[in-house]
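A.B. asks: Handing you this structure, nothing more for now.
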Amino acid sequence: MALNFKKVLKEKEQDRCARCGACLSFCPVYQITLKERFSPRGKNLILRRFKPSRRERLIKETVSACLQCGACEVLCSAGADIASLIRKKRKEVSHLKSVPSSLFSIWKKFGDENIGLLFSRLSKIWSDHLYLPQESKDLKPFLKDTERYEIKYPPLIETQKRVILFLGCLQNYLFKDLSLRLLMLFPSKNLIILEKQTCCGLPAFSQGAFKEAKAFAQKNLLLIKDINFDVLLTPCASCASMIKKWHLLFKGDQGFFNLSKELSKKTFELSSFLIEEKNNLMGGIADIGGKIFFQLPCHHRYDHDNKDSILDFLDAFGFGLKKEDFLDCCGFGGIFSFSNPSLSEKIFKKNILERIDKEKGQKTLITTCSGCLYWLKKKLSNFPNVKIIHLMELFENERD
Ligand code: SF4
Ligand code: SF4
């Protein structure tokens with residue numbers, strides 16, 4: 001049979017994977033399973049070679065066994081971007097997914113004010129997976145009612161920058177004490193609260209529910225577009241990573257595309273912002289006893305590469321962390337922990353539990369992602385000698 005050169009060239013252009021195998025060393029799912037079909041290289045081959053209609057089970061397993069950690073998106077030197085291929089396939093074969101896109105439509109219909117209610121209902125159905133921290137109480141959005149929180153302490157950062165605070169869903173509904181700490185970072189005249197902000201869209205985007213992710217992004221952008229501000233700050237490295245990708249949802253829509261691109265330059269996750277504002281930090285440093293680990297979330301590690309700056313920054317405040325004190329992926333991956341509980345558990349045990357178990361006595365894990373915070377608090381709730389904190393909790397003002 002004659003070779004169709006045009007077809008081969010087109011395929012090669014789309015399939016940039018050079019089969020080098022470098023991704024075997026950084027994909028958390030491969031690292032746990034040691035099975036080629038779960039590596040980015042293996043997934044690429046399966047998703048390109050087989051039609052979902054003929055190998056339904058194999059395709060379902062392949063698209064599901066991915067945390068969307070972003071490692072292969074960023075580290076593959078050939079630019080194969082397997083994470084993006086997986087998202088596209090998840091969209092194409094939505095009927096094979098364990099969580100249908102309709103979940104996000106329900107989410108939208110519930111309305112932002114009632115996401116807490118949705119969360120509470122889901123926590124009854126998935127009681128093994130979802131838990132509600134004590135401070136979440138009424139599940140009403142924190143930002144809806146910030147006036148009831150009396151802020152009588154001086155700000156922790158003396159900055160002239162006008163800051164929009166983007167909390168993200170977990171922070172807005174569950175971790176309200178942390179949200180309050182964030183409010184106290186800034187002089188109130190410099191702080192812009194968007195009461196009606198909604199999800200950053202990451203859970204939908206990761207599942208290939210692009211229409212729903214776009215609707216979330218669009219709602220937020222419309223709230224922001226006429227505001228004069230310098231920084232959009234979020235305490236969640238995963239929200240920051242998604243906001244920086246919003247432009248991907250607006251190809252062909254120049255207005256929103258440009259708006260997202262501009263916003264991406266002003267978006268900071270907390271550690272990068274604190275590092276930049278280091279000399280303006282006025283508060284004290286919390287007294288953290290015992291061994292300290294820094295769990296660097298995947299969306300922090302790969303999307304805001306500032307590991308060395310974090311070490312220098314913490315060093316300046318007397319926390320002498322070393323590179324080996326960084327912990328990897330916690331195994332959560334949002335919906336991944338529901339659709340692949342056994343893989344998620346194995347990743348958690350290898351990357352977190354076995355690492356911290358080597359240390360005796362009191363331990364503290366610092367993280368920068370609300371999802372990881374949620375997961376670590378849940379998974380380590382029966383370990384009284386392990387404290388899980390958000391980076392924000394390292395800094396205190398007089399109220400503490
Ligand atoms: S996906 Fe990238 S890193 Fe993995 S085998 Fe292909 S070229 Fe190498
Ligand atoms: S996004 Fe992460 S989990 Fe998914 S294939 Fe790539 S490296 Fe593996």
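Letters for chains follow the order of the structure tokens (A, B, ...), residue numbers begin at 1 for each chain, and ligand numbers begin at 1 in the order shown.
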DSSP on the backbone: which residues in stretch 159-297 of chain A end up as strand (DSSP E)? Give the answer as number ranges by chain.

C.D. replies: A: 163-165, 191-193, 231-234, 267-269, 284-285, 291-295

A.B. asks: Around ligand 1, which protein and nucleic acid residues have at least one atom no more than 6 Å from it, if we count only C-alpha atoms and all ligand atoms? List them as a list in words.

C.D. replies: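 Using only C-alpha atoms and all ligand atoms, I find these residues within 6 Å of ligand 1: Cys17, Ala18, Arg19, Cys20, Gly21, Ala22, Cys23, Pro40, Arg41, Cys76, Ala78 and Ala80 of chain A.
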
A.B. asks: Using only C-alpha atoms for the distances, tell me which of A:Ile164, A:Leu353, A:Leu391, A:Ala316 is nearest to A:Phe268.

C.D. replies: A:Ile164

A.B. asks: Between atom CA of A:Lys251 and atom CA of A:Ala213, what is the distance in Å, rounded to a tenth?

C.D. replies: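 Going from atom CA of A:Lys251 over to atom CA of A:Ala213, I get 13.4 Å.
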
A.B. asks: Counting only C-alpha atoms and all ligand atoms, which of A:Tyr302, A:Lys219, A:Asn228, A:Ser241 gets nearest to ligand 2?

C.D. replies: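 Among the listed residues, the smallest separation from ligand 2 belongs to A:Tyr302.
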
A.B. asks: Listing only residues of chain A within 8 Å of ligand 2, what is the closest atom pair and its distance in Å (to one decimal) for each, using only C-alpha atoms and all ligand atoms, sorted by chain and residue number ascending, as a tab-separated table?

C.D. replies:
residue	atom	partner	partner_atom_place_in_ligand_line	distance
A:Cys23	CA	ligand 2	7 (S)	6.8
A:Phe26	CA	ligand 2	7 (S)	6.2
A:Cys27	CA	ligand 2	7 (S)	3.7
A:Pro28	CA	ligand 2	3 (S)	5.6
A:Val29	CA	ligand 2	3 (S)	5.4
A:Tyr30	CA	ligand 2	8 (Fe)	6.8
A:Phe38	CA	ligand 2	5 (S)	7.3
A:Ser39	CA	ligand 2	5 (S)	6.0
A:Pro40	CA	ligand 2	5 (S)	4.4
A:Lys43	CA	ligand 2	5 (S)	7.2
A:Ala65	CA	ligand 2	3 (S)	7.0
A:Cys66	CA	ligand 2	4 (Fe)	3.8
A:Leu67	CA	ligand 2	3 (S)	4.3
A:Gln68	CA	ligand 2	1 (S)	3.7
A:Cys69	CA	ligand 2	2 (Fe)	4.1
A:Gly70	CA	ligand 2	1 (S)	4.4
A:Ala71	CA	ligand 2	7 (S)	4.5
A:Cys72	CA	ligand 2	6 (Fe)	4.3
A:Glu73	CA	ligand 2	6 (Fe)	6.5
A:Asp81	CA	ligand 2	6 (Fe)	7.9
A:Ile82	CA	ligand 2	6 (Fe)	6.0
A:Ala83	CA	ligand 2	1 (S)	4.5
A:Ile86	CA	ligand 2	5 (S)	7.7

A.B. asks: Using atom CA of A:Ser264 and atom CA of A:Leu182 as the two end points, give the distance in Å to one decimal.

C.D. replies: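 Going from atom CA of A:Ser264 over to atom CA of A:Leu182, I get 20.6 Å.
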
A.B. asks: Would you mind telling me which residue in A:Ala209, A:Leu167, A:Leu143, A:Leu343 lies nearest to A:Glu92 when using only C-alpha atoms?

C.D. replies: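 For A:Glu92, the nearest of the given residues is A:Ala209.
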
A.B. asks: When DSSP works through the backbone of this structure, what residues of stretch 235-292 of chain A end up as alpha helix (DSSP H), shown as a list in words?

C.D. replies: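 Reading the DSSP output for stretch 235-292 of chain A, alpha helix (DSSP H) covers Ala237, Ser238, Cys239, Ala240, Ser241, Met242, Ile243, Gln254, Gly255, Phe256, Phe257, Asn258, Leu259, Ser260, Lys261, Glu262, Leu263, Ser264, Lys265, Lys266, Leu270, Ser271, Ser272, Phe273, Leu274, Ile275 and Glu276 of chain A.
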
A.B. asks: Filtering to N, CA and C atoms, could you give me those residues as a CSV table (one decimal), in the first residue's frame?

C.D. replies:
chain,number,residue,atom,x,y,z
A,237,ALA,N,-2.6,27.9,44.9
A,237,ALA,CA,-1.7,27.8,43.7
A,237,ALA,C,-2.5,27.2,42.5
A,238,SER,N,-3.5,26.3,42.8
A,238,SER,CA,-4.2,25.7,41.7
A,238,SER,C,-5.1,26.7,41.0
A,239,CYS,N,-5.8,27.6,41.8
A,239,CYS,CA,-6.6,28.6,41.2
A,239,CYS,C,-5.7,29.6,40.4
A,240,ALA,N,-4.6,29.9,40.9
A,240,ALA,CA,-3.7,30.8,40.2
A,240,ALA,C,-3.3,30.2,38.9
A,241,SER,N,-3.0,28.9,38.9
A,241,SER,CA,-2.6,28.2,37.7
A,241,SER,C,-3.7,28.2,36.7
A,242,MET,N,-4.9,28.0,37.1
A,242,MET,CA,-6.1,28.0,36.2
A,242,MET,C,-6.3,29.4,35.6
A,243,ILE,N,-6.3,30.4,36.5
A,243,ILE,CA,-6.5,31.8,36.0
A,243,ILE,C,-5.5,32.2,35.0
A,254,GLN,N,-11.6,37.4,20.8
A,254,GLN,CA,-10.4,38.3,21.1
A,254,GLN,C,-10.6,39.1,22.3
A,255,GLY,N,-11.8,39.6,22.6
A,255,GLY,CA,-12.0,40.5,23.7
A,255,GLY,C,-11.6,39.8,25.0
A,256,PHE,N,-12.2,38.6,25.3
A,256,PHE,CA,-12.0,37.9,26.5
A,256,PHE,C,-10.6,37.3,26.5
A,257,PHE,N,-10.1,36.9,25.3
A,257,PHE,CA,-8.7,36.4,25.2
A,257,PHE,C,-7.7,37.4,25.7
A,258,ASN,N,-7.8,38.7,25.2
A,258,ASN,CA,-6.9,39.7,25.6
A,258,ASN,C,-7.0,40.0,27.1
A,259,LEU,N,-8.3,40.1,27.6
A,259,LEU,CA,-8.5,40.4,29.0
A,259,LEU,C,-7.9,39.3,29.9
A,260,SER,N,-8.0,38.0,29.5
A,260,SER,CA,-7.4,36.9,30.3
A,260,SER,C,-5.9,37.0,30.2
A,261,LYS,N,-5.3,37.4,29.1
A,261,LYS,CA,-3.9,37.5,29.0
A,261,LYS,C,-3.3,38.6,29.9
A,262,GLU,N,-4.0,39.7,29.9
A,262,GLU,CA,-3.6,40.8,30.8
A,262,GLU,C,-3.7,40.4,32.2
A,263,LEU,N,-4.8,39.8,32.6
A,263,LEU,CA,-5.0,39.3,33.9
A,263,LEU,C,-3.9,38.4,34.4
A,264,SER,N,-3.6,37.5,33.5
A,264,SER,CA,-2.6,36.5,33.8
A,264,SER,C,-1.3,37.1,34.3
A,265,LYS,N,-0.9,38.3,33.7
A,265,LYS,CA,0.3,39.0,34.2
A,265,LYS,C,0.2,39.5,35.6
A,266,LYS,N,-1.0,39.8,36.0
A,266,LYS,CA,-1.2,40.4,37.3
A,266,LYS,C,-1.6,39.4,38.4
A,270,LEU,N,0.0,33.0,46.6
A,270,LEU,CA,0.4,33.7,47.8
A,270,LEU,C,2.0,33.8,48.0
A,271,SER,N,2.6,32.7,47.8
A,271,SER,CA,4.1,32.7,48.1
A,271,SER,C,4.8,33.6,47.2
A,272,SER,N,4.5,33.7,45.9
A,272,SER,CA,5.2,34.6,45.0
A,272,SER,C,5.0,36.0,45.5
A,273,PHE,N,3.7,36.3,45.9
A,273,PHE,CA,3.4,37.7,46.3
A,273,PHE,C,4.2,38.0,47.6
A,274,LEU,N,4.2,37.1,48.6
A,274,LEU,CA,4.8,37.4,49.9
A,274,LEU,C,6.3,37.6,49.6
A,275,ILE,N,6.9,36.8,48.7
A,275,ILE,CA,8.3,37.0,48.4
A,275,ILE,C,8.6,38.4,47.9
A,276,GLU,N,7.7,38.8,47.0
A,276,GLU,CA,7.9,40.1,46.4
A,276,GLU,C,7.7,41.2,47.4

A.B. asks: Hey, which of A:Thr234, A:Gln218, A:Ser179, A:Asn190 ends up closest to A:Asp253? Count only C-alpha atoms.

C.D. replies: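 Between A:Thr234, A:Gln218, A:Ser179, A:Asn190, the residue approaching A:Asp253 most closely is A:Gln218.
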
A.B. asks: Using only C-alpha atoms, can you tell me which of A:Val386, A:Cys298, A:Ile192, A:Val93 comes closest to A:Ile224?

C.D. replies: A:Ile192

A.B. asks: Show me, as a PyMOL selection string, the residues that have an atom within 10 Å of stretch 58-62 of chain A when counting only C-alpha atoms, minus same-chain residues fewer than 2 positions from it.

C.D. replies: chain A and resi 37-40+42-44+46-47+50-56+64-66+86+89-90+93-98+339-340

A.B. asks: Once you have the residues from the selection above, write them out as an mmCIF file, in the first residue's frame, restricted to N, CA and C atoms.

C.D. replies:
data_model
loop_
_atom_site.group_PDB
_atom_site.id
_atom_site.type_symbol
_atom_site.label_atom_id
_atom_site.label_comp_id
_atom_site.auth_asym_id
_atom_site.auth_seq_id
_atom_site.Cartn_x
_atom_site.Cartn_y
_atom_site.Cartn_z
ATOM 1 N N ARG A 37 1.446 1.766 30.382
ATOM 2 C CA ARG A 37 0.195 2.328 29.857
ATOM 3 C C ARG A 37 -0.331 3.499 30.711
ATOM 4 N N PHE A 38 0.198 3.654 31.930
ATOM 5 C CA PHE A 38 -0.215 4.782 32.773
ATOM 6 C C PHE A 38 0.761 5.958 32.699
ATOM 7 N N SER A 39 1.823 5.802 31.932
ATOM 8 C CA SER A 39 2.772 6.922 31.780
ATOM 9 C C SER A 39 2.226 7.877 30.721
ATOM 10 N N PRO A 40 2.667 9.133 30.702
ATOM 11 C CA PRO A 40 2.242 10.040 29.627
ATOM 12 C C PRO A 40 2.558 9.447 28.249
ATOM 13 N N GLY A 42 2.769 6.260 27.381
ATOM 14 C CA GLY A 42 1.831 5.172 27.103
ATOM 15 C C GLY A 42 0.437 5.699 26.812
ATOM 16 N N LYS A 43 0.018 6.687 27.579
ATOM 17 C CA LYS A 43 -1.328 7.254 27.376
ATOM 18 C C LYS A 43 -1.430 7.879 25.991
ATOM 19 N N ASN A 44 -0.353 8.560 25.604
ATOM 20 C CA ASN A 44 -0.329 9.202 24.291
ATOM 21 C C ASN A 44 -0.552 8.162 23.191
ATOM 22 N N ILE A 46 -1.897 5.102 23.419
ATOM 23 C CA ILE A 46 -3.245 4.498 23.485
ATOM 24 C C ILE A 46 -4.294 5.460 22.930
ATOM 25 N N LEU A 47 -4.219 6.721 23.360
ATOM 26 C CA LEU A 47 -5.269 7.671 22.960
ATOM 27 C C LEU A 47 -5.200 8.007 21.475
ATOM 28 N N PHE A 50 -6.106 4.036 19.479
ATOM 29 C CA PHE A 50 -7.369 3.289 19.570
ATOM 30 C C PHE A 50 -8.592 4.198 19.561
ATOM 31 N N LYS A 51 -9.608 3.727 18.894
ATOM 32 C CA LYS A 51 -10.868 4.482 18.865
ATOM 33 C C LYS A 51 -11.686 4.120 20.100
ATOM 34 N N PRO A 52 -12.274 5.115 20.769
ATOM 35 C CA PRO A 52 -13.045 4.825 21.975
ATOM 36 C C PRO A 52 -14.150 3.799 21.723
ATOM 37 N N SER A 53 -14.731 3.818 20.527
ATOM 38 C CA SER A 53 -15.845 2.905 20.251
ATOM 39 C C SER A 53 -15.373 1.446 20.275
ATOM 40 N N ARG A 54 -14.080 1.204 19.995
ATOM 41 C CA ARG A 54 -13.595 -0.178 19.923
ATOM 42 C C ARG A 54 -12.939 -0.635 21.225
ATOM 43 N N ARG A 55 -12.318 0.293 21.949
ATOM 44 C CA ARG A 55 -11.618 -0.104 23.181
ATOM 45 C C ARG A 55 -12.097 0.746 24.348
ATOM 46 N N GLU A 56 -13.407 0.662 24.600
ATOM 47 C CA GLU A 56 -14.032 1.535 25.587
ATOM 48 C C GLU A 56 -13.356 1.477 26.970
ATOM 49 N N SER A 64 -8.955 8.366 32.724
ATOM 50 C CA SER A 64 -9.255 8.581 34.146
ATOM 51 C C SER A 64 -7.995 8.603 35.020
ATOM 52 N N ALA A 65 -6.973 7.822 34.629
ATOM 53 C CA ALA A 65 -5.783 7.693 35.488
ATOM 54 C C ALA A 65 -4.813 8.858 35.296
ATOM 55 N N CYS A 66 -5.308 10.057 35.484
ATOM 56 C CA CYS A 66 -4.459 11.241 35.335
ATOM 57 C C CYS A 66 -4.922 12.296 36.328
ATOM 58 N N ILE A 86 -5.246 14.523 27.083
ATOM 59 C CA ILE A 86 -6.169 13.790 27.974
ATOM 60 C C ILE A 86 -7.448 14.606 28.207
ATOM 61 N N LYS A 89 -9.586 14.357 25.147
ATOM 62 C CA LYS A 89 -10.219 13.030 25.038
ATOM 63 C C LYS A 89 -11.336 12.897 26.058
ATOM 64 N N ARG A 90 -11.129 13.470 27.255
ATOM 65 C CA ARG A 90 -12.188 13.413 28.269
ATOM 66 C C ARG A 90 -13.436 14.110 27.738
ATOM 67 N N VAL A 93 -15.006 11.786 24.959
ATOM 68 C CA VAL A 93 -15.634 10.554 25.444
ATOM 69 C C VAL A 93 -16.314 10.812 26.794
ATOM 70 N N SER A 94 -17.049 11.900 26.842
ATOM 71 C CA SER A 94 -17.610 12.318 28.136
ATOM 72 C C SER A 94 -18.472 11.215 28.755
ATOM 73 N N HIS A 95 -19.087 10.361 27.914
ATOM 74 C CA HIS A 95 -19.936 9.302 28.477
ATOM 75 C C HIS A 95 -19.105 8.249 29.224
ATOM 76 N N LEU A 96 -17.789 8.266 29.017
ATOM 77 C CA LEU A 96 -16.944 7.272 29.707
ATOM 78 C C LEU A 96 -16.389 7.800 31.021
ATOM 79 N N LYS A 97 -16.605 9.077 31.272
ATOM 80 C CA LYS A 97 -15.997 9.664 32.467
ATOM 81 C C LYS A 97 -16.751 9.270 33.728
ATOM 82 N N SER A 98 -16.025 9.196 34.859
ATOM 83 C CA SER A 98 -16.706 8.844 36.106
ATOM 84 C C SER A 98 -17.508 10.028 36.638
ATOM 85 N N SER A 339 -12.459 9.163 41.463
ATOM 86 C CA SER A 339 -12.523 8.165 40.393
ATOM 87 C C SER A 339 -11.426 7.113 40.518
ATOM 88 N N ASN A 340 -10.351 7.431 41.234
ATOM 89 C CA ASN A 340 -9.254 6.465 41.406
ATOM 90 C C ASN A 340 -8.811 6.406 42.869
#

A.B. asks: Report, in Å to a single decimal, how far apart atom CA of A:Gly201 and atom CA of A:His304 are.

C.D. replies: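 Answer for the atom CA of A:His304 to atom CA of A:Gly201 separation: 18.4 Å.
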
A.B. asks: List as an mmCIF file with N, CA and C atoms, in the first residue's frame the protein and nucleic acid residues near A:Glu158, meaning an atom at most 8 Å away when only C-alpha atoms are counted, but skip any in the same chain fewer than 4 places from it.

C.D. replies:
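And here's result24.cif as it stands now:
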data_model
loop_
_atom_site.group_PDB
_atom_site.id
_atom_site.type_symbol
_atom_site.label_atom_id
_atom_site.label_comp_id
_atom_site.auth_asym_id
_atom_site.auth_seq_id
_atom_site.Cartn_x
_atom_site.Cartn_y
_atom_site.Cartn_z
ATOM 1 N N PHE A 186 -3.918 43.124 54.243
ATOM 2 C CA PHE A 186 -3.821 44.418 53.551
ATOM 3 C C PHE A 186 -4.593 45.532 54.246
ATOM 4 N N PRO A 187 -4.149 46.784 54.013
ATOM 5 C CA PRO A 187 -4.986 47.904 54.459
ATOM 6 C C PRO A 187 -6.308 47.824 53.686
ATOM 7 N N ASN A 280 7.970 44.518 53.073
ATOM 8 C CA ASN A 280 6.812 45.258 53.608
ATOM 9 C C ASN A 280 6.034 44.458 54.636
ATOM 10 N N LEU A 281 6.509 43.242 54.931
ATOM 11 C CA LEU A 281 5.783 42.397 55.902
ATOM 12 C C LEU A 281 5.994 42.927 57.316
ATOM 13 N N MET A 282 4.900 43.206 58.007
ATOM 14 C CA MET A 282 4.998 43.862 59.299
ATOM 15 C C MET A 282 4.716 42.924 60.483
#

A.B. asks: Let me make sure I understand: among A:Glu277, A:Glu269, A:Asp325, A:Asp315, which one has the smallest atom-to-atom distance to A:His300 if we use only C-alpha atoms?

C.D. replies: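 Going through A:Glu277, A:Glu269, A:Asp325, A:Asp315 one by one, the smallest distance to A:His300 is for A:Glu269.
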
A.B. asks: Can you pull out every residue within 12 Å of A:Leu191, counting only C-alpha atoms, but drop anything in the same chain fewer than 3 positions away, and send it as a list in words?

C.D. replies: Thr146, Pro155, Ile157, Glu158, Thr159, Gln160, Lys161, Arg162, Val163, Ile164, Leu165, Phe166, Leu182, Leu183, Met184, Leu185, Phe186, Pro187, Ser188, Leu194, Ile227, Asn228, Phe229, Asp230, Val231, Leu232 and Leu233 of chain A
